[in-house]
Amino acid sequence: MSTVARRNNVNISGNPNGRTILFSHGFGCNQDVWRHVAPAFLEDYRVVLFDLTGAGASDLSAYDRAKYDSLDGYADDVIEILEDLDAKDAIFVGHSVSSMIGVLAANRDPSRVGTLVLVGPSARYINDGGYVGGFEEADIMALLDDLDANYLGWSSAMAPAIMGNPDRPELGEELTGNFCSTDPEIARHFARVTFLSDNRRDLAEVSVPTLVLQCSDDLIAPASAGRYVHEHIRDSTFVNLSATGHIPNLSNPAELSEAILGFLR
């Protein structure tokens, strides 16, 4: 196994001769959140799952605060994974903050990232003039302060709210478990990078086919944020899912899989 594959706990399955599809998870999660989605792609695609550096079973010793002080460090990792796999024209499926990691990777090397699927994306979480990201700056700073003060308590309170679907508490419990299994120091740093990032200018540079998938009742990425991403990536396709909450890969994986496959067909 290569250094890159070990660093990001890369797992490959599916059709070795198929087009590569890379699934990238969001904050506080790991590749396991794709376990109900990936099977739909195994017959036709080379399916690649991985953990962002600092998450899941990635090599925590590879977590460099300077490198990962912006989303660019994660985008570099994506390109390195694709180079390591000798993958060209790959499909990148990014959930939540990984949507913008995918945008940065596609802009860096569109020969490697040939299609983007952005699930619950937000180019900026903080409202700014006429831009509605869903949060006031004071709200985000308070959220980060709470996270710094008591990460496990914050996770227990926030994960079910982020998941939505209160009628299915087991989903919130799973997300809480994911959050709580993440190294708190890394999680605090990644949260700041995530919630204070502003990738609005990067959207205009996207030159590859792009699908934007929006859930309803999404606490983290409201409809206004998804619409903004769609409107600023030229020729992108926008689909409103019936899934609710921010984690459709767990709450409605069948609908999410079908929407992605429909776009790729």
# chains A, B, ... in the order shown; residues from 1 in each chain; ligands from 1

call {"tool": "select_by_dssp", "arguments": {"residues": "stretch 206-246 of chain A", "states": "helix (DSSP H, G or I)", "output": "mmCIF file with N, CA, C and O atoms, in the first residue's frame"}}
result
data_model
loop_
_atom_site.group_PDB
_atom_site.id
_atom_site.type_symbol
_atom_site.label_atom_id
_atom_site.label_comp_id
_atom_site.auth_asym_id
_atom_site.auth_seq_id
_atom_site.Cartn_x
_atom_site.Cartn_y
_atom_site.Cartn_z
ATOM 1 N N ALA A 223 -31.358 26.192 1.522
ATOM 2 C CA ALA A 223 -31.623 26.228 0.084
ATOM 3 C C ALA A 223 -30.925 27.388 -0.605
ATOM 4 O O ALA A 223 -30.439 27.256 -1.731
ATOM 5 N N SER A 224 -30.819 28.522 0.084
ATOM 6 C CA SER A 224 -30.164 29.694 -0.508
ATOM 7 C C SER A 224 -28.695 29.408 -0.823
ATOM 8 O O SER A 224 -28.163 29.868 -1.841
ATOM 9 N N ALA A 225 -28.041 28.631 0.024
ATOM 10 C CA ALA A 225 -26.628 28.301 -0.193
ATOM 11 C C ALA A 225 -26.461 27.378 -1.389
ATOM 12 O O ALA A 225 -25.568 27.575 -2.224
ATOM 13 N N GLY A 226 -27.332 26.365 -1.474
ATOM 14 C CA GLY A 226 -27.261 25.444 -2.608
ATOM 15 C C GLY A 226 -27.566 26.132 -3.921
ATOM 16 O O GLY A 226 -26.898 25.902 -4.939
ATOM 17 N N ARG A 227 -28.575 27.010 -3.911
ATOM 18 C CA ARG A 227 -28.936 27.758 -5.118
ATOM 19 C C ARG A 227 -27.779 28.648 -5.567
ATOM 20 O O ARG A 227 -27.505 28.782 -6.766
ATOM 21 N N TYR A 228 -27.106 29.249 -4.612
ATOM 22 C CA TYR A 228 -25.972 30.131 -4.939
ATOM 23 C C TYR A 228 -24.878 29.333 -5.651
ATOM 24 O O TYR A 228 -24.332 29.784 -6.666
ATOM 25 N N VAL A 229 -24.562 28.151 -5.109
ATOM 26 C CA VAL A 229 -23.548 27.299 -5.740
ATOM 27 C C VAL A 229 -23.959 26.967 -7.169
ATOM 28 O O VAL A 229 -23.161 27.091 -8.112
ATOM 29 N N HIS A 230 -25.208 26.563 -7.337
ATOM 30 C CA HIS A 230 -25.724 26.220 -8.668
ATOM 31 C C HIS A 230 -25.638 27.409 -9.626
ATOM 32 O O HIS A 230 -25.179 27.283 -10.774
ATOM 33 N N GLU A 231 -26.054 28.576 -9.174
ATOM 34 C CA GLU A 231 -26.100 29.756 -10.042
ATOM 35 C C GLU A 231 -24.714 30.261 -10.416
ATOM 36 O O GLU A 231 -24.560 30.949 -11.433
ATOM 37 N N HIS A 232 -23.698 29.916 -9.623
ATOM 38 C CA HIS A 232 -22.354 30.433 -9.886
ATOM 39 C C HIS A 232 -21.402 29.404 -10.477
ATOM 40 O O HIS A 232 -20.249 29.710 -10.743
#

call {"tool": "residues_around", "arguments": {"residues": "A:Arg192", "least_positions_apart": "6", "cutoff": "10 Å", "atoms": "only C-alpha atoms", "output": "PyMOL selection string"}}
result
chain A and resi 69-70+140-141+143-144+147

call {"tool": "write_last_selection", "arguments": {"atoms": "N, CA, C and O atoms", "output": "PDB file, in the first residue's frame"}}
result
ATOM      1  N   ASP A  69      -4.743  24.197   7.242  1.00  0.00           N
ATOM      2  CA  ASP A  69      -5.303  25.446   7.753  1.00  0.00           C
ATOM      3  C   ASP A  69      -6.241  26.089   6.730  1.00  0.00           C
ATOM      4  O   ASP A  69      -6.819  27.142   6.990  1.00  0.00           O
ATOM      5  N   SER A  70      -6.349  25.458   5.562  1.00  0.00           N
ATOM      6  CA  SER A  70      -7.354  25.854   4.574  1.00  0.00           C
ATOM      7  C   SER A  70      -7.796  24.589   3.860  1.00  0.00           C
ATOM      8  O   SER A  70      -7.158  23.534   3.981  1.00  0.00           O
ATOM      9  N   ILE A 140     -21.687  31.751  14.295  1.00  0.00           N
ATOM     10  CA  ILE A 140     -20.589  30.825  14.012  1.00  0.00           C
ATOM     11  C   ILE A 140     -19.515  30.908  15.088  1.00  0.00           C
ATOM     12  O   ILE A 140     -18.998  29.878  15.555  1.00  0.00           O
ATOM     13  N   MET A 141     -19.182  32.118  15.522  1.00  0.00           N
ATOM     14  CA  MET A 141     -18.153  32.261  16.553  1.00  0.00           C
ATOM     15  C   MET A 141     -18.619  31.628  17.862  1.00  0.00           C
ATOM     16  O   MET A 141     -17.827  30.977  18.559  1.00  0.00           O
ATOM     17  N   LEU A 143     -20.756  29.116  18.074  1.00  0.00           N
ATOM     18  CA  LEU A 143     -20.710  27.675  17.821  1.00  0.00           C
ATOM     19  C   LEU A 143     -19.288  27.147  18.020  1.00  0.00           C
ATOM     20  O   LEU A 143     -19.074  26.110  18.666  1.00  0.00           O
ATOM     21  N   LEU A 144     -18.303  27.880  17.495  1.00  0.00           N
ATOM     22  CA  LEU A 144     -16.904  27.445  17.620  1.00  0.00           C
ATOM     23  C   LEU A 144     -16.427  27.539  19.057  1.00  0.00           C
ATOM     24  O   LEU A 144     -15.658  26.686  19.521  1.00  0.00           O
ATOM     25  N   LEU A 147     -17.776  24.573  20.847  1.00  0.00           N
ATOM     26  CA  LEU A 147     -17.029  23.396  20.423  1.00  0.00           C
ATOM     27  C   LEU A 147     -15.685  23.337  21.154  1.00  0.00           C
ATOM     28  O   LEU A 147     -15.257  22.268  21.609  1.00  0.00           O
TER      29      LEU A 147
END

call {"tool": "residues_around", "arguments": {"residues": "A:Asp145", "least_positions_apart": "6", "cutoff": "12 Å", "atoms": "only C-alpha atoms", "output": "list in words"}}
result
Ala138, Asp139, Tyr151, Trp154, Arg188, His189, Ala191 and Arg192 of chain A

call {"tool": "atom_distance", "arguments": {"atom1": "atom CA of A:Asp235", "atom2": "atom CA of A:Thr20"}}
result
22.4 Å

call {"tool": "atom_distance", "arguments": {"atom1": "atom CA of A:Ile101", "atom2": "atom CA of A:Arg65"}}
result
16.6 Å

call {"tool": "select_by_dssp", "arguments": {"residues": "stretch 26-223 of chain A", "states": "strand (DSSP E or B)", "output": "compact mmCIF listing (two decimals) with N, CA, C and O atoms, in the first residue's frame"}}
result
# COMPACT_ATOMS: atom_id res chain seq x y z
N TYR A 45 -18.68 1.09 -11.82
CA TYR A 45 -17.63 2.07 -11.50
C TYR A 45 -16.56 1.47 -10.60
O TYR A 45 -16.81 0.53 -9.85
N ARG A 46 -15.36 2.04 -10.71
CA ARG A 46 -14.32 1.76 -9.71
C ARG A 46 -14.58 2.70 -8.54
O ARG A 46 -14.41 3.92 -8.66
N VAL A 47 -15.02 2.15 -7.44
CA VAL A 47 -15.48 2.93 -6.29
C VAL A 47 -14.33 3.14 -5.31
O VAL A 47 -13.70 2.17 -4.86
N VAL A 48 -14.05 4.40 -5.00
CA VAL A 48 -12.97 4.74 -4.09
C VAL A 48 -13.54 5.46 -2.88
O VAL A 48 -14.20 6.49 -3.01
N LEU A 49 -13.29 4.89 -1.70
CA LEU A 49 -13.66 5.52 -0.44
C LEU A 49 -12.38 5.88 0.30
O LEU A 49 -11.38 5.16 0.22
N ALA A 90 -12.11 11.42 -13.21
CA ALA A 90 -12.87 10.79 -12.12
C ALA A 90 -14.10 11.62 -11.77
O ALA A 90 -14.16 12.83 -12.02
N ILE A 91 -15.07 10.93 -11.18
CA ILE A 91 -16.26 11.60 -10.63
C ILE A 91 -15.98 11.82 -9.15
O ILE A 91 -15.67 10.86 -8.42
N PHE A 92 -16.08 13.05 -8.69
CA PHE A 92 -15.87 13.36 -7.27
C PHE A 92 -17.22 13.68 -6.64
O PHE A 92 -17.89 14.63 -7.05
N VAL A 93 -17.61 12.88 -5.65
CA VAL A 93 -18.85 13.11 -4.92
C VAL A 93 -18.47 13.65 -3.55
O VAL A 93 -17.90 12.93 -2.73
N GLY A 94 -18.76 14.93 -3.32
CA GLY A 94 -18.38 15.55 -2.06
C GLY A 94 -19.59 15.94 -1.24
O GLY A 94 -20.51 16.60 -1.75
N HIS A 95 -19.60 15.53 0.02
CA HIS A 95 -20.70 15.88 0.91
C HIS A 95 -20.29 17.04 1.81
O HIS A 95 -19.19 17.04 2.37
N VAL A 113 -10.16 15.34 -12.07
CA VAL A 113 -11.55 15.43 -11.59
C VAL A 113 -12.40 15.92 -12.75
O VAL A 113 -12.41 17.10 -13.07
N GLY A 114 -13.12 14.98 -13.39
CA GLY A 114 -13.84 15.31 -14.61
C GLY A 114 -15.31 15.62 -14.42
O GLY A 114 -15.96 16.16 -15.31
N THR A 115 -15.85 15.29 -13.24
CA THR A 115 -17.26 15.55 -12.92
C THR A 115 -17.36 15.80 -11.42
O THR A 115 -16.70 15.12 -10.63
N LEU A 116 -18.21 16.76 -11.04
CA LEU A 116 -18.45 17.04 -9.63
C LEU A 116 -19.89 16.74 -9.26
O LEU A 116 -20.82 17.11 -9.99
N VAL A 117 -20.08 16.10 -8.11
CA VAL A 117 -21.40 15.94 -7.50
C VAL A 117 -21.30 16.55 -6.11
O VAL A 117 -20.53 16.06 -5.28
N LEU A 118 -22.04 17.63 -5.88
CA LEU A 118 -21.94 18.39 -4.64
C LEU A 118 -23.21 18.17 -3.82
O LEU A 118 -24.30 18.57 -4.23
N VAL A 119 -23.07 17.52 -2.67
CA VAL A 119 -24.20 17.14 -1.83
C VAL A 119 -24.28 18.08 -0.62
O VAL A 119 -23.39 18.07 0.23
N ARG A 124 -20.01 29.46 1.46
CA ARG A 124 -19.69 30.27 2.65
C ARG A 124 -20.86 30.12 3.61
O ARG A 124 -22.02 30.31 3.24
N ILE A 126 -21.31 31.89 6.42
CA ILE A 126 -21.68 33.14 7.09
C ILE A 126 -22.36 34.09 6.12
O ILE A 126 -21.88 34.30 4.99
N ASP A 128 -23.38 37.43 4.27
CA ASP A 128 -22.48 38.52 3.88
C ASP A 128 -23.23 39.45 2.93
O ASP A 128 -23.36 39.16 1.74
N TYR A 131 -25.71 38.04 0.47
CA TYR A 131 -25.49 36.60 0.42
C TYR A 131 -26.02 35.95 1.70
O TYR A 131 -25.69 36.39 2.81
N PHE A 135 -25.96 31.62 8.49
CA PHE A 135 -25.50 31.96 9.84
C PHE A 135 -24.98 33.39 9.89
O PHE A 135 -24.32 33.84 8.96
N ASP A 198 -14.44 30.65 2.74
CA ASP A 198 -15.22 31.40 1.74
C ASP A 198 -14.71 31.01 0.36
O ASP A 198 -13.64 31.43 -0.06
N THR A 210 -21.29 19.53 -13.45
CA THR A 210 -21.51 19.56 -12.00
C THR A 210 -22.99 19.37 -11.66
O THR A 210 -23.86 19.98 -12.28
N LEU A 211 -23.23 18.52 -10.67
CA LEU A 211 -24.57 18.30 -10.12
C LEU A 211 -24.60 18.85 -8.70
O LEU A 211 -23.74 18.51 -7.88
N VAL A 212 -25.57 19.71 -8.41
CA VAL A 212 -25.76 20.25 -7.06
C VAL A 212 -27.02 19.62 -6.48
O VAL A 212 -28.11 19.72 -7.06
N LEU A 213 -26.87 18.95 -5.34
CA LEU A 213 -27.99 18.26 -4.70
C LEU A 213 -28.33 18.95 -3.38
O LEU A 213 -27.47 19.11 -2.52
N GLN A 214 -29.59 19.35 -3.24
CA GLN A 214 -30.04 20.13 -2.09
C GLN A 214 -31.11 19.36 -1.32
O GLN A 214 -32.06 18.86 -1.90
N CYS A 215 -30.95 19.29 0.01
CA CYS A 215 -31.98 18.70 0.87
C CYS A 215 -32.88 19.81 1.39
O CYS A 215 -32.51 20.98 1.41
N SER A 216 -34.07 19.43 1.85
CA SER A 216 -34.94 20.39 2.53
C SER A 216 -34.64 20.36 4.03
O SER A 216 -34.09 19.38 4.54

call {"tool": "closest_residue", "arguments": {"among": "A:Ser98, A:Asn30, A:Asn127, A:Asn107", "to": "A:Ala57", "atoms": "only C-alpha atoms"}}
result
A:Asn30

call {"tool": "residues_around", "arguments": {"residues": "A:Asn178", "least_positions_apart": "4", "cutoff": "12 Å", "atoms": "only C-alpha atoms", "output": "count of residues only"}}
result
26

call {"tool": "residues_around", "arguments": {"residues": "stretch 72-80 of chain A", "least_positions_apart": "3", "cutoff": "7 Å", "atoms": "only C-alpha atoms", "output": "list in words"}}
result
Lys67, Tyr68, Glu83, Asp84, Ile101, Gly102, Leu104 and Ala105 of chain A

call {"tool": "atom_distance", "arguments": {"atom1": "atom CA of A:Pro121", "atom2": "atom CA of A:Ser99"}}
result
5.5 Å

call {"tool": "closest_residue", "arguments": {"among": "A:Ala254, A:Ala66, A:Ile220, A:Leu52", "to": "A:Ala5", "atoms": "only C-alpha atoms"}}
result
A:Leu52

call {"tool": "closest_residue", "arguments": {"among": "A:Asp109, A:Pro248, A:Val132, A:Ile260", "to": "A:Glu205", "atoms": "only C-alpha atoms"}}
result
A:Asp109

call {"tool": "decode", "arguments": {"residues": "stretch 210-221 of chain A", "atoms": "all heavy atoms", "output": "mmCIF file, in the first residue's frame"}}
result
data_model
loop_
_atom_site.group_PDB
_atom_site.id
_atom_site.type_symbol
_atom_site.label_atom_id
_atom_site.label_comp_id
_atom_site.auth_asym_id
_atom_site.auth_seq_id
_atom_site.Cartn_x
_atom_site.Cartn_y
_atom_site.Cartn_z
ATOM 1 N N THR A 210 -21.291 19.526 -13.445
ATOM 2 C CA THR A 210 -21.512 19.563 -11.999
ATOM 3 C C THR A 210 -22.987 19.365 -11.664
ATOM 4 O O THR A 210 -23.859 19.982 -12.278
ATOM 5 C CB THR A 210 -21.040 20.911 -11.421
ATOM 6 O OG1 THR A 210 -19.640 21.096 -11.709
ATOM 7 C CG2 THR A 210 -21.253 20.974 -9.911
ATOM 8 N N LEU A 211 -23.233 18.519 -10.668
ATOM 9 C CA LEU A 211 -24.567 18.302 -10.117
ATOM 10 C C LEU A 211 -24.600 18.852 -8.695
ATOM 11 O O LEU A 211 -23.744 18.507 -7.879
ATOM 12 C CB LEU A 211 -24.902 16.806 -10.102
ATOM 13 C CG LEU A 211 -26.190 16.387 -9.374
ATOM 14 C CD1 LEU A 211 -27.421 16.966 -10.048
ATOM 15 C CD2 LEU A 211 -26.270 14.862 -9.283
ATOM 16 N N VAL A 212 -25.573 19.708 -8.409
ATOM 17 C CA VAL A 212 -25.765 20.247 -7.062
ATOM 18 C C VAL A 212 -27.017 19.616 -6.481
ATOM 19 O O VAL A 212 -28.107 19.716 -7.061
ATOM 20 C CB VAL A 212 -25.902 21.782 -7.098
ATOM 21 C CG1 VAL A 212 -26.166 22.339 -5.699
ATOM 22 C CG2 VAL A 212 -24.654 22.422 -7.705
ATOM 23 N N LEU A 213 -26.872 18.949 -5.340
ATOM 24 C CA LEU A 213 -27.991 18.264 -4.696
ATOM 25 C C LEU A 213 -28.330 18.954 -3.376
ATOM 26 O O LEU A 213 -27.465 19.114 -2.515
ATOM 27 C CB LEU A 213 -27.630 16.796 -4.439
ATOM 28 C CG LEU A 213 -27.441 15.950 -5.703
ATOM 29 C CD1 LEU A 213 -26.841 14.594 -5.378
ATOM 30 C CD2 LEU A 213 -28.773 15.765 -6.423
ATOM 31 N N GLN A 214 -29.587 19.347 -3.240
ATOM 32 C CA GLN A 214 -30.041 20.134 -2.089
ATOM 33 C C GLN A 214 -31.106 19.364 -1.315
ATOM 34 O O GLN A 214 -32.063 18.857 -1.901
ATOM 35 C CB GLN A 214 -30.622 21.465 -2.569
ATOM 36 C CG GLN A 214 -31.194 22.341 -1.473
ATOM 37 C CD GLN A 214 -30.118 22.926 -0.584
ATOM 38 O OE1 GLN A 214 -29.092 23.392 -1.074
ATOM 39 N NE2 GLN A 214 -30.342 22.901 0.715
ATOM 40 N N CYS A 215 -30.947 19.287 0.007
ATOM 41 C CA CYS A 215 -31.978 18.702 0.868
ATOM 42 C C CYS A 215 -32.879 19.812 1.394
ATOM 43 O O CYS A 215 -32.507 20.980 1.410
ATOM 44 C CB CYS A 215 -31.343 17.987 2.054
ATOM 45 S SG CYS A 215 -30.366 16.553 1.599
ATOM 46 N N SER A 216 -34.069 19.429 1.854
ATOM 47 C CA SER A 216 -34.937 20.394 2.530
ATOM 48 C C SER A 216 -34.644 20.358 4.029
ATOM 49 O O SER A 216 -34.089 19.381 4.538
ATOM 50 C CB SER A 216 -36.409 20.086 2.258
ATOM 51 O OG SER A 216 -36.722 18.778 2.673
ATOM 52 N N ASP A 217 -34.998 21.436 4.718
ATOM 53 C CA ASP A 217 -34.784 21.524 6.178
ATOM 54 C C ASP A 217 -33.339 21.218 6.562
ATOM 55 O O ASP A 217 -33.083 20.498 7.539
ATOM 56 C CB ASP A 217 -35.732 20.582 6.925
ATOM 57 C CG ASP A 217 -37.196 20.871 6.637
ATOM 58 O OD1 ASP A 217 -37.548 22.055 6.493
ATOM 59 O OD2 ASP A 217 -37.980 19.917 6.530
ATOM 60 N N ASP A 218 -32.417 21.776 5.796
ATOM 61 C CA ASP A 218 -30.987 21.559 6.057
ATOM 62 C C ASP A 218 -30.480 22.688 6.948
ATOM 63 O O ASP A 218 -30.376 23.834 6.524
ATOM 64 C CB ASP A 218 -30.220 21.517 4.728
ATOM 65 C CG ASP A 218 -28.762 21.099 4.902
ATOM 66 O OD1 ASP A 218 -28.206 21.317 5.991
ATOM 67 O OD2 ASP A 218 -28.178 20.578 3.933
ATOM 68 N N LEU A 219 -30.140 22.344 8.187
ATOM 69 C CA LEU A 219 -29.690 23.334 9.166
ATOM 70 C C LEU A 219 -28.360 23.969 8.778
ATOM 71 O O LEU A 219 -28.107 25.143 9.058
ATOM 72 C CB LEU A 219 -29.554 22.654 10.541
ATOM 73 C CG LEU A 219 -29.038 23.496 11.707
ATOM 74 C CD1 LEU A 219 -30.094 24.507 12.132
ATOM 75 C CD2 LEU A 219 -28.649 22.607 12.882
ATOM 76 N N ILE A 220 -27.495 23.201 8.121
ATOM 77 C CA ILE A 220 -26.132 23.646 7.834
ATOM 78 C C ILE A 220 -26.033 24.356 6.481
ATOM 79 O O ILE A 220 -25.339 25.359 6.342
ATOM 80 C CB ILE A 220 -25.161 22.444 7.869
ATOM 81 C CG1 ILE A 220 -25.162 21.818 9.263
ATOM 82 C CG2 ILE A 220 -23.758 22.851 7.462
ATOM 83 C CD1 ILE A 220 -24.656 22.720 10.369
ATOM 84 N N ALA A 221 -26.693 23.813 5.478
ATOM 85 C CA ALA A 221 -26.623 24.373 4.123
ATOM 86 C C ALA A 221 -28.043 24.617 3.619
ATOM 87 O O ALA A 221 -28.638 23.756 2.975
ATOM 88 C CB ALA A 221 -25.871 23.432 3.187
#
